[in-house]
$ cat target-v3.cif   # mmCIF, C-alpha atoms and all ligand atoms
data_query
loop_
_atom_site.label_atom_id
_atom_site.label_comp_id
_atom_site.auth_asym_id
_atom_site.auth_seq_id
_atom_site.Cartn_x
_atom_site.Cartn_y
_atom_site.Cartn_z
CA MET A 180 -24.39 -11.66 -7.41
CA LYS A 181 -21.25 -11.58 -5.32
CA ILE A 182 -20.93 -9.57 -2.11
CA ILE A 183 -17.53 -7.91 -1.75
CA GLN A 184 -15.77 -5.25 0.34
CA PRO A 185 -13.99 -2.08 -0.87
CA LYS A 186 -10.21 -2.43 -0.84
CA VAL A 187 -7.46 0.19 -1.10
CA PHE A 188 -4.09 -0.51 -2.70
CA LEU A 189 -1.27 2.04 -2.43
CA ILE A 190 0.71 1.14 -5.55
CA ALA A 191 3.23 3.98 -6.00
CA GLU A 192 5.08 6.65 -4.04
CA PRO A 193 7.95 9.07 -4.85
CA HIS A 194 11.52 7.88 -5.28
CA ILE A 195 14.45 10.31 -4.87
CA MET A 196 17.27 9.99 -7.40
CA ARG A 197 20.19 10.10 -4.95
CA GLY A 198 22.95 10.78 -7.52
CA GLU A 199 21.26 13.86 -8.94
CA LEU A 200 20.27 15.11 -5.49
CA GLY A 201 23.90 14.74 -4.35
CA GLU A 202 25.06 16.85 -7.31
CA PHE A 203 22.52 19.56 -6.47
CA LEU A 204 23.53 19.59 -2.80
CA LYS A 205 27.20 20.00 -3.82
CA LEU A 206 26.25 22.88 -6.07
CA VAL A 207 24.34 24.65 -3.32
CA GLY A 208 27.22 24.12 -0.85
CA ALA A 209 25.57 21.50 1.36
CA PRO A 210 27.03 18.13 0.22
CA GLU A 211 26.65 16.69 3.73
CA TRP A 212 22.95 17.47 4.06
CA HIS A 213 20.77 14.59 5.09
CA THR A 214 17.58 14.16 7.06
CA ASP A 215 15.88 11.54 9.21
CA ALA A 216 12.71 11.27 7.07
CA SER A 217 11.16 7.82 7.07
CA SER A 218 10.22 7.98 3.38
CA ASP A 219 11.35 9.65 0.16
CA ALA A 220 7.94 11.37 0.00
CA GLU A 221 8.59 13.16 3.29
CA GLU A 222 12.23 13.87 2.43
CA LEU A 223 11.17 15.40 -0.89
CA SER A 224 8.70 17.70 0.88
CA GLU A 225 11.42 18.85 3.30
CA LEU A 226 13.92 19.30 0.48
CA MET A 227 11.59 21.50 -1.54
CA GLY A 228 10.91 23.59 1.57
CA ARG A 229 14.65 24.03 2.17
CA VAL A 230 15.18 25.03 -1.46
CA CYS A 231 12.94 28.06 -0.77
CA TYR A 232 15.27 29.63 1.86
CA ARG A 233 18.47 27.69 1.04
CA SER A 234 18.17 26.41 4.59
CA PHE A 235 20.21 23.20 4.24
CA ALA A 236 22.78 24.56 6.71
CA PRO A 237 23.23 27.82 8.68
CA GLY A 238 25.02 30.54 6.71
CA LEU A 239 24.43 29.19 3.17
CA ASN A 240 22.01 32.06 2.98
CA PRO A 241 23.50 34.86 5.12
CA ASN A 242 19.98 35.71 6.31
CA VAL A 243 19.60 32.24 7.84
CA THR A 244 21.73 31.80 10.97
CA LYS A 245 19.98 28.75 12.41
CA ILE A 246 17.95 25.99 10.88
CA ARG A 247 15.29 23.60 12.13
CA GLU A 248 16.78 20.06 12.14
CA GLY A 249 14.80 16.87 11.58
CA ASN A 250 12.03 15.97 9.20
CA ALA A 251 9.17 15.86 11.72
CA PRO A 252 9.80 19.31 13.31
CA TYR A 253 10.58 20.82 9.90
CA LEU A 254 7.31 19.64 8.32
CA ALA A 255 5.32 20.43 11.48
CA ASN A 256 6.45 24.06 11.12
CA ILE A 257 5.58 24.08 7.39
CA ILE A 258 2.08 22.83 8.25
CA GLU A 259 1.69 25.44 11.00
CA GLN A 260 2.84 28.22 8.64
CA GLU A 261 0.35 26.90 6.02
CA HIS A 262 3.11 26.69 3.41
CA GLY A 263 1.22 23.73 1.95
CA SER A 264 2.39 24.10 -1.64
CA ILE A 265 5.55 22.13 -0.85
CA PHE A 266 3.32 19.07 -0.30
CA GLU A 267 2.32 19.20 -3.95
CA HIS A 268 5.70 17.74 -5.01
CA SER A 269 5.04 14.30 -3.59
CA GLN A 270 2.25 12.25 -5.08
CA LEU A 271 0.81 8.83 -4.25
CA SER A 272 -1.03 6.44 -6.56
CA PHE A 273 -3.83 4.24 -5.31
CA VAL A 274 -6.14 1.70 -6.85
CA PHE A 275 -9.54 1.61 -5.16
CA ALA A 276 -11.04 -1.82 -5.92
CA ASN A 277 -14.54 -3.21 -5.29
CA ILE A 278 -15.95 0.30 -5.09
CA SER A 279 -19.22 1.45 -6.63
CA ARG A 280 -20.04 4.10 -9.18
CA VAL A 281 -21.65 5.96 -6.28
CA PHE A 282 -18.15 6.20 -4.81
CA THR A 283 -16.38 7.11 -8.07
CA HIS A 284 -18.93 9.78 -8.90
CA GLU A 285 -18.26 11.52 -5.59
CA LEU A 286 -14.49 10.97 -5.77
CA VAL A 287 -14.10 12.71 -9.13
CA ARG A 288 -15.59 15.91 -7.71
CA HIS A 289 -12.13 16.48 -6.22
CA ARG A 290 -10.43 18.01 -9.23
CA VAL A 291 -7.36 19.74 -7.84
CA GLY A 292 -4.07 17.82 -7.65
CA VAL A 293 -5.39 14.45 -8.79
CA GLY A 294 -5.02 11.92 -11.63
CA ILE A 295 -7.90 9.58 -12.42
CA SER A 296 -8.23 6.41 -14.51
CA GLN A 297 -11.63 4.78 -14.24
CA GLU A 298 -12.51 1.25 -15.33
CA SER A 299 -14.44 1.69 -18.57
CA LEU A 300 -17.86 0.07 -18.59
CA ARG A 301 -17.95 0.87 -22.27
CA TYR A 302 -15.32 -1.84 -22.76
CA VAL A 303 -15.67 -4.10 -19.71
CA ARG A 304 -18.74 -6.30 -19.99
CA LEU A 305 -20.96 -6.72 -16.93
CA ASP A 306 -21.69 -10.43 -17.23
CA SER A 307 -21.52 -10.77 -13.45
CA LEU A 308 -22.33 -8.12 -10.86
CA SER A 309 -20.75 -7.65 -7.44
CA ALA A 310 -21.45 -5.06 -4.78
CA SER A 311 -20.63 -4.03 -1.25
CA ILE A 312 -23.76 -3.69 0.84
CA PRO A 313 -24.42 -0.47 2.78
CA THR A 314 -24.91 -1.05 6.52
CA ILE A 315 -28.56 0.07 6.58
CA ILE A 316 -29.40 -2.52 3.92
CA GLN A 317 -27.43 -5.24 5.75
CA GLU A 318 -29.28 -4.45 8.97
CA THR A 319 -32.71 -4.77 7.38
CA PRO A 320 -33.57 -8.28 6.12
CA GLU A 321 -36.43 -7.11 3.80
CA ALA A 322 -34.16 -4.46 2.25
CA MET A 323 -31.41 -7.05 1.81
CA THR A 324 -33.83 -9.30 -0.09
CA ILE A 325 -34.89 -6.47 -2.41
CA PHE A 326 -31.27 -5.40 -2.92
CA THR A 327 -29.94 -8.84 -3.88
CA ARG A 328 -33.04 -9.74 -5.91
CA THR A 329 -32.65 -6.55 -7.98
CA PHE A 330 -28.95 -7.20 -8.57
CA GLU A 331 -29.63 -10.76 -9.66
CA TYR A 332 -32.40 -9.60 -12.00
CA LEU A 333 -30.19 -6.94 -13.58
CA GLU A 334 -27.33 -9.42 -13.93
CA LYS A 335 -29.70 -11.72 -15.82
CA GLN A 336 -30.72 -8.86 -18.15
CA GLN A 337 -27.05 -8.21 -18.95
CA ARG A 338 -26.55 -11.87 -19.90
CA GLU A 339 -29.69 -11.90 -22.03
CA LEU A 340 -28.61 -8.76 -23.86
CA SER A 341 -25.19 -10.35 -24.46
CA GLN A 342 -27.00 -13.16 -26.26
CA VAL A 343 -29.20 -10.73 -28.23
CA PHE A 344 -26.06 -8.96 -29.47
CA LYS A 345 -24.14 -12.27 -29.91
CA LEU A 346 -21.24 -10.92 -27.88
CA ASP A 347 -19.64 -14.34 -27.41
CA ASN A 348 -19.78 -15.14 -31.10
CA PRO A 349 -16.21 -15.09 -32.53
CA GLU A 350 -17.65 -13.37 -35.66
CA THR A 351 -18.78 -10.33 -33.63
CA SER A 352 -16.36 -7.44 -34.19
CA PHE A 353 -14.76 -5.56 -31.32
CA HIS A 354 -16.49 -2.40 -32.53
CA GLN A 355 -19.89 -4.09 -32.24
CA LYS A 356 -19.02 -5.47 -28.78
CA LYS A 357 -18.05 -1.99 -27.63
CA ARG A 358 -21.26 -0.44 -28.98
CA ALA A 359 -23.40 -3.06 -27.30
CA THR A 360 -21.49 -3.06 -23.99
CA SER A 361 -21.74 0.72 -23.82
CA ALA A 362 -25.48 0.58 -24.45
CA MET A 363 -26.08 -2.28 -22.00
CA ARG A 364 -24.48 -0.47 -19.04
CA ARG A 365 -27.43 1.89 -19.01
CA ILE A 366 -29.44 -0.70 -17.15
CA ALA A 367 -26.66 -1.53 -14.70
CA PRO A 368 -27.03 -0.40 -11.06
CA ILE A 369 -24.71 2.37 -9.84
CA GLY A 370 -23.94 0.23 -6.78
CA LEU A 371 -22.05 -2.31 -8.92
CA ALA A 372 -18.43 -3.05 -7.97
CA THR A 373 -15.80 -1.53 -10.23
CA CYS A 374 -12.37 0.03 -9.74
CA ILE A 375 -10.58 3.32 -10.21
CA GLY A 376 -6.93 4.43 -10.23
CA TRP A 377 -6.47 7.62 -8.24
CA SER A 378 -3.30 9.64 -7.73
CA ALA A 379 -3.11 12.68 -5.51
CA ASN A 380 -0.46 14.95 -4.10
CA PHE A 381 -0.16 15.21 -0.33
CA ARG A 382 -1.77 18.63 -0.10
CA THR A 383 -4.84 17.24 -1.83
CA LEU A 384 -4.71 14.03 0.20
CA ARG A 385 -4.85 15.96 3.47
CA TRP A 386 -7.97 17.79 2.26
CA VAL A 387 -9.80 14.81 0.77
CA LEU A 388 -8.99 12.64 3.81
CA GLU A 389 -10.56 15.21 6.12
CA ASN A 390 -13.51 15.91 3.83
CA ARG A 391 -14.41 12.30 3.07
CA THR A 392 -14.03 10.81 6.55
CA GLN A 393 -16.18 13.42 8.27
CA PRO A 394 -19.48 12.08 9.67
CA ALA A 395 -21.54 13.88 6.99
CA ALA A 396 -19.71 12.02 4.19
CA GLU A 397 -21.24 9.04 2.38
CA GLU A 398 -20.64 5.66 4.05
CA GLU A 399 -18.57 4.10 1.27
CA MET A 400 -16.39 7.24 1.07
CA ARG A 401 -15.81 6.97 4.83
CA ILE A 402 -14.88 3.29 4.52
CA VAL A 403 -12.42 3.80 1.66
CA PHE A 404 -10.84 6.98 3.03
CA GLY A 405 -10.68 5.35 6.46
CA GLN A 406 -8.39 2.76 4.82
CA VAL A 407 -6.44 5.53 3.06
CA GLY A 408 -6.06 7.35 6.38
CA GLU A 409 -4.70 4.27 8.10
CA ILE A 410 -2.10 3.76 5.36
CA VAL A 411 -0.90 7.35 5.00
CA THR A 412 -0.78 8.31 8.69
CA LYS A 413 1.42 5.25 9.41
CA ARG A 414 3.63 5.54 6.35
CA TYR A 415 4.05 9.34 6.26
CA PRO A 416 3.83 10.36 9.94
CA SER A 417 5.42 13.83 9.51
CA ILE A 418 3.02 14.95 6.77
CA PHE A 419 0.00 13.86 8.82
CA SER A 420 1.42 14.71 12.28
CA ASP A 421 -1.38 17.16 13.09
CA PHE A 422 -4.19 14.65 12.35
CA THR A 423 -6.16 13.03 15.15
CA VAL A 424 -8.63 10.19 14.71
CA GLU A 425 -12.08 10.06 16.27
CA LYS A 426 -14.36 7.03 15.99
CA VAL A 427 -17.88 8.04 14.93
CA GLU A 428 -20.54 5.38 14.26
CA GLY A 429 -17.74 2.83 13.88
CA PHE A 430 -15.87 4.87 11.23
CA ASP A 431 -12.57 6.73 11.62
CA TRP A 432 -12.79 10.49 11.21
CA TYR A 433 -9.39 12.00 10.37
CA LYS A 434 -9.18 15.59 11.61
CA PRO A 435 -6.23 17.94 11.04
CA ALA A 436 -5.30 20.73 13.46
CA HIS A 437 -4.52 22.85 10.38
CA ARG A 438 -7.09 22.75 7.57
CA LYS A 439 -6.54 23.56 3.90
CA ILE A 440 -2.86 24.43 4.33
C1 LIG B 501 -20.61 15.72 2.96
C2 LIG B 501 -20.60 16.18 1.52
C3 LIG B 501 -21.78 16.42 0.86
C4 LIG B 501 -21.79 16.85 -0.46
N1 LIG B 501 -22.97 17.05 -1.10
C5 LIG B 501 -23.00 17.45 -2.38
C6 LIG B 501 -24.23 17.66 -3.09
O1 LIG B 501 -25.29 17.48 -2.55
N2 LIG B 501 -24.18 18.05 -4.39
C7 LIG B 501 -22.98 18.28 -5.02
O2 LIG B 501 -22.98 18.67 -6.19
N3 LIG B 501 -21.80 18.08 -4.38
C8 LIG B 501 -21.78 17.69 -3.10
N4 LIG B 501 -20.58 17.47 -2.48
C9 LIG B 501 -19.34 17.71 -3.23
C10 LIG B 501 -18.72 19.09 -2.87
O3 LIG B 501 -19.60 20.14 -3.19
C11 LIG B 501 -17.40 19.29 -3.66
O4 LIG B 501 -17.66 19.37 -5.03
C12 LIG B 501 -16.43 18.16 -3.44
O5 LIG B 501 -16.33 17.84 -2.08
C13 LIG B 501 -15.05 18.56 -3.98
O6 LIG B 501 -14.40 19.39 -3.05
P1 LIG B 501 -13.78 20.79 -3.37
O7 LIG B 501 -14.81 21.72 -3.91
O8 LIG B 501 -13.06 21.21 -2.14
O9 LIG B 501 -12.83 20.53 -4.60
P2 LIG B 501 -11.32 20.05 -4.75
O10 LIG B 501 -11.12 19.72 -6.17
O11 LIG B 501 -11.02 18.97 -3.74
O12 LIG B 501 -10.51 21.34 -4.47
C14 LIG B 501 -9.71 21.61 -3.33
C15 LIG B 501 -9.80 23.08 -3.00
O13 LIG B 501 -9.25 23.86 -4.05
C16 LIG B 501 -9.99 25.09 -4.17
N5 LIG B 501 -10.63 25.13 -5.50
C17 LIG B 501 -10.94 24.07 -6.28
N6 LIG B 501 -11.49 24.46 -7.42
C18 LIG B 501 -11.57 25.79 -7.37
C19 LIG B 501 -12.06 26.78 -8.25
N7 LIG B 501 -12.59 26.46 -9.42
N8 LIG B 501 -11.99 28.08 -7.88
C20 LIG B 501 -11.43 28.43 -6.69
N9 LIG B 501 -10.94 27.53 -5.80
C21 LIG B 501 -11.00 26.24 -6.14
C22 LIG B 501 -11.04 25.09 -3.07
O14 LIG B 501 -10.51 25.72 -1.92
C23 LIG B 501 -11.23 23.61 -2.84
O15 LIG B 501 -11.78 23.29 -1.58
C24 LIG B 501 -20.55 17.05 -1.15
C25 LIG B 501 -19.35 16.80 -0.47
C26 LIG B 501 -19.36 16.37 0.84
C27 LIG B 501 -18.03 16.08 1.53
#
$ encode --input "target-v3.cif" --output "structure tokens"
Amino acid sequence: MKIIQPKVFLIAEPHIMRGELGEFLKLVGAPEWHTDASSDAEELSELMGRVCYRSFAPGLNPNVTKIREGNAPYLANIIEQEHGSIFEHSQLSFVFANISRVFTHELVRHRVGVGISQESLRYVRLDSLSASIPTIIQETPEAMTIFTRTFEYLEKQQRELSQVFKLDNPETSFHQKKRATSAMRRIAPIGLATCIGWSANFRTLRWVLENRTQPAAEEEMRIVFGQVGEIVTKRYPSIFSDFTVEKVEGFDWYKPAHRKI
């Protein structure tokens, strides 16, 4: 067995189509509008907020005589007012690699505002097993021995079953391989390393980040969402401006001043 560590990859973020946006701003009477956002994701959130009150410039809406300038103050006010729906426009896509099925099972409980693509163990054969080791196991030599011995044993069973079903025989059809692989995963450990693609809008991200870095959350969730927190708070500072970080038991706990906006 191979010992690995969970790893987070941010692979996609929003991109504003400048030509089309320019045309819209002309139409609404604000061709000069621009902001100081440090990313398209944050600009898009501000834009959608300004669409609500036509607040691109004073007077465009006669009811609006002054406007809040700047991306950070604008989004800070949105967060304070709990007008969180505007954060649903921007979405990020991550791949979480080297994570276990313990992790994925908990992750998929978050249903709102997410997209999920999970590595299929019906198709992907488990001829070698990897895992990240929970701290309590690492700290306890006897537990570590049992943990690795069990993984190695189960890995061996997977290989033996592959031979029983002749999975490496060129004559074996893909259909048969799929049937066998799907059956064989039933004796695989849920701690095995796999991966999952996860997309979430920023409103959801704020909630899941808080929920899954809190001290009561499962260790692997805290590790992965600690990495997510580090990425998103640096890259999208206005959207996460009200978050503070507290170290608890060596893990980062991301806490917002305004919850469930
Ligand atoms: C520390 C911890 C321990 C846990 N222990 C367990 C456990 O022992 N057993 C277990 O089964 N689960 C457990 N969970 C999972 C938990 O119960 C939730 O299912 C999970 O965190 C998803 O969060 P959510 O319900 O906020 O859903 P999300 O999909 O993240 O939804 C976000 C928000 O949208 C709203 N919402 C979503 N769906 C609905 C709906 N249908 N109707 C109305 N409003 C909705 C709610 O306000 C919700 O908080 C645990 C979670 C944590 C963090």
$ atom_distance --input "target-v3.cif" --atom1 "atom O7 of ligand LIG 501 (chain B)" --atom2 "atom CA of His289 of chain A"
6.3 Å
$ atom_distance --input "target-v3.cif" --atom1 "atom CA of Gly238 of chain A" --atom2 "atom CA of Met196 of chain A"
26.1 Å
$ residues_around --input "target-v3.cif" --residues "His213 of chain A" --least-positions-apart "2" --cutoff "10 Å" --atoms "all atoms listed in the file" --output "PyMOL selection string"
chain A and resi 201+204+209-211+215-216+222+226+235+248-250
$ closest_residue --input "target-v3.cif" --among "A:Glu350, A:Glu389, A:Glu267, A:Glu199" --to "ligand LIG 501 (chain B)" --atoms "all atoms listed in the file"
A:Glu389
$ residues_near_ligand --input "target-v3.cif" --ligand "ligand LIG 501 (chain B)" --cutoff "6 Å" --atoms "only C-alpha atoms and all ligand atoms" --output "ChimeraX atom specification"
/A:288-291,390-391,395-396
$ write_last_selection --input "target-v3.cif" --atoms "C-alpha atoms" --output "PDB file, in the frame of the given file"
ATOM      1  CA  ARG A 288     -15.590  15.910  -7.710  1.00  0.00           C
ATOM      2  CA  HIS A 289     -12.130  16.480  -6.220  1.00  0.00           C
ATOM      3  CA  ARG A 290     -10.430  18.010  -9.230  1.00  0.00           C
ATOM      4  CA  VAL A 291      -7.360  19.740  -7.840  1.00  0.00           C
ATOM      5  CA  ASN A 390     -13.510  15.910   3.830  1.00  0.00           C
ATOM      6  CA  ARG A 391     -14.410  12.300   3.070  1.00  0.00           C
ATOM      7  CA  ALA A 395     -21.540  13.880   6.990  1.00  0.00           C
ATOM      8  CA  ALA A 396     -19.710  12.020   4.190  1.00  0.00           C
TER       9      ALA A 396
END
$ closest_residue --input "target-v3.cif" --among "A:Gly208, A:Pro185, A:Pro349, A:Gly263" --to "Trp386 of chain A" --atoms "all atoms listed in the file"
A:Gly263
$ closest_residue --input "target-v3.cif" --among "A:Val411, A:Ile440, A:Leu254, A:Ile182" --to "Ser307 of chain A" --atoms "only C-alpha atoms"
A:Ile182
$ residues_around --input "target-v3.cif" --residues "Val424 of chain A" --least-positions-apart "5" --cutoff "7 Å" --atoms "only C-alpha atoms" --output "PDB file with C-alpha atoms, in the frame of the given file"
ATOM      1  CA  ASP A 431     -12.570   6.730  11.620  1.00  0.00           C
ATOM      2  CA  TRP A 432     -12.790  10.490  11.210  1.00  0.00           C
ATOM      3  CA  TYR A 433      -9.390  12.000  10.370  1.00  0.00           C
ATOM      4  CA  LYS A 434      -9.180  15.590  11.610  1.00  0.00           C
TER       5      LYS A 434
END
$ decode --input "target-v3.cif" --residues "segment 339-366 of chain A" --atoms "N, CA and C atoms" --output "compact mmCIF listing (two decimals), in the first residue's frame"
# COMPACT_ATOMS: atom_id res chain seq x y z
N GLU A 339 -6.08 -11.09 -6.40
CA GLU A 339 -6.48 -12.51 -6.59
C GLU A 339 -7.80 -12.58 -7.33
N LEU A 340 -8.74 -11.72 -6.97
CA LEU A 340 -10.04 -11.72 -7.65
C LEU A 340 -9.88 -11.33 -9.13
N SER A 341 -8.93 -10.43 -9.41
CA SER A 341 -8.67 -10.05 -10.81
C SER A 341 -8.25 -11.27 -11.61
N GLN A 342 -7.48 -12.14 -10.96
CA GLN A 342 -7.04 -13.37 -11.65
C GLN A 342 -8.22 -14.33 -11.83
N VAL A 343 -9.03 -14.46 -10.76
CA VAL A 343 -10.21 -15.35 -10.83
C VAL A 343 -11.09 -14.95 -12.02
N PHE A 344 -11.28 -13.63 -12.19
CA PHE A 344 -12.16 -13.15 -13.26
C PHE A 344 -11.40 -12.88 -14.57
N LYS A 345 -10.10 -13.22 -14.60
CA LYS A 345 -9.27 -13.07 -15.81
C LYS A 345 -9.34 -11.65 -16.38
N LEU A 346 -9.22 -10.66 -15.51
CA LEU A 346 -9.42 -9.28 -15.95
C LEU A 346 -8.31 -8.77 -16.86
N ASP A 347 -7.13 -9.40 -16.80
CA ASP A 347 -6.05 -8.95 -17.68
C ASP A 347 -5.99 -9.76 -18.98
N ASN A 348 -6.92 -10.67 -19.12
CA ASN A 348 -6.96 -11.46 -20.36
C ASN A 348 -7.60 -10.63 -21.48
N PRO A 349 -6.89 -10.46 -22.62
CA PRO A 349 -7.42 -9.62 -23.71
C PRO A 349 -8.80 -10.09 -24.19
N GLU A 350 -9.12 -11.39 -23.95
CA GLU A 350 -10.42 -11.94 -24.40
C GLU A 350 -11.58 -11.46 -23.52
N THR A 351 -11.26 -10.98 -22.31
CA THR A 351 -12.33 -10.59 -21.37
C THR A 351 -12.99 -9.30 -21.85
N SER A 352 -14.31 -9.33 -21.99
CA SER A 352 -15.02 -8.17 -22.52
C SER A 352 -15.06 -7.04 -21.49
N PHE A 353 -15.29 -5.82 -21.98
CA PHE A 353 -15.36 -4.68 -21.06
C PHE A 353 -16.55 -4.85 -20.11
N HIS A 354 -17.63 -5.40 -20.64
CA HIS A 354 -18.83 -5.63 -19.82
C HIS A 354 -18.50 -6.54 -18.63
N GLN A 355 -17.75 -7.60 -18.92
CA GLN A 355 -17.38 -8.55 -17.85
C GLN A 355 -16.44 -7.88 -16.84
N LYS A 356 -15.51 -7.05 -17.36
CA LYS A 356 -14.58 -6.35 -16.46
C LYS A 356 -15.37 -5.43 -15.52
N LYS A 357 -16.35 -4.74 -16.10
CA LYS A 357 -17.15 -3.81 -15.30
C LYS A 357 -17.94 -4.55 -14.22
N ARG A 358 -18.54 -5.68 -14.61
CA ARG A 358 -19.32 -6.47 -13.64
C ARG A 358 -18.43 -6.93 -12.48
N ALA A 359 -17.26 -7.43 -12.86
CA ALA A 359 -16.36 -7.96 -11.83
C ALA A 359 -15.81 -6.84 -10.95
N THR A 360 -15.38 -5.73 -11.58
CA THR A 360 -14.80 -4.61 -10.82
C THR A 360 -15.82 -4.07 -9.83
N SER A 361 -17.06 -3.96 -10.30
CA SER A 361 -18.13 -3.45 -9.44
C SER A 361 -18.36 -4.38 -8.24
N ALA A 362 -18.29 -5.67 -8.51
CA ALA A 362 -18.49 -6.65 -7.42
C ALA A 362 -17.32 -6.63 -6.45
N MET A 363 -16.11 -6.53 -6.99
CA MET A 363 -14.89 -6.62 -6.17
C MET A 363 -14.75 -5.45 -5.20
N ARG A 364 -15.30 -4.29 -5.55
CA ARG A 364 -15.13 -3.11 -4.67
C ARG A 364 -15.82 -3.30 -3.34
N ARG A 365 -16.69 -4.28 -3.25
CA ARG A 365 -17.41 -4.51 -2.00
C ARG A 365 -16.50 -4.94 -0.86
N ILE A 366 -15.33 -5.45 -1.22
CA ILE A 366 -14.39 -5.79 -0.14
C ILE A 366 -13.21 -4.81 -0.11
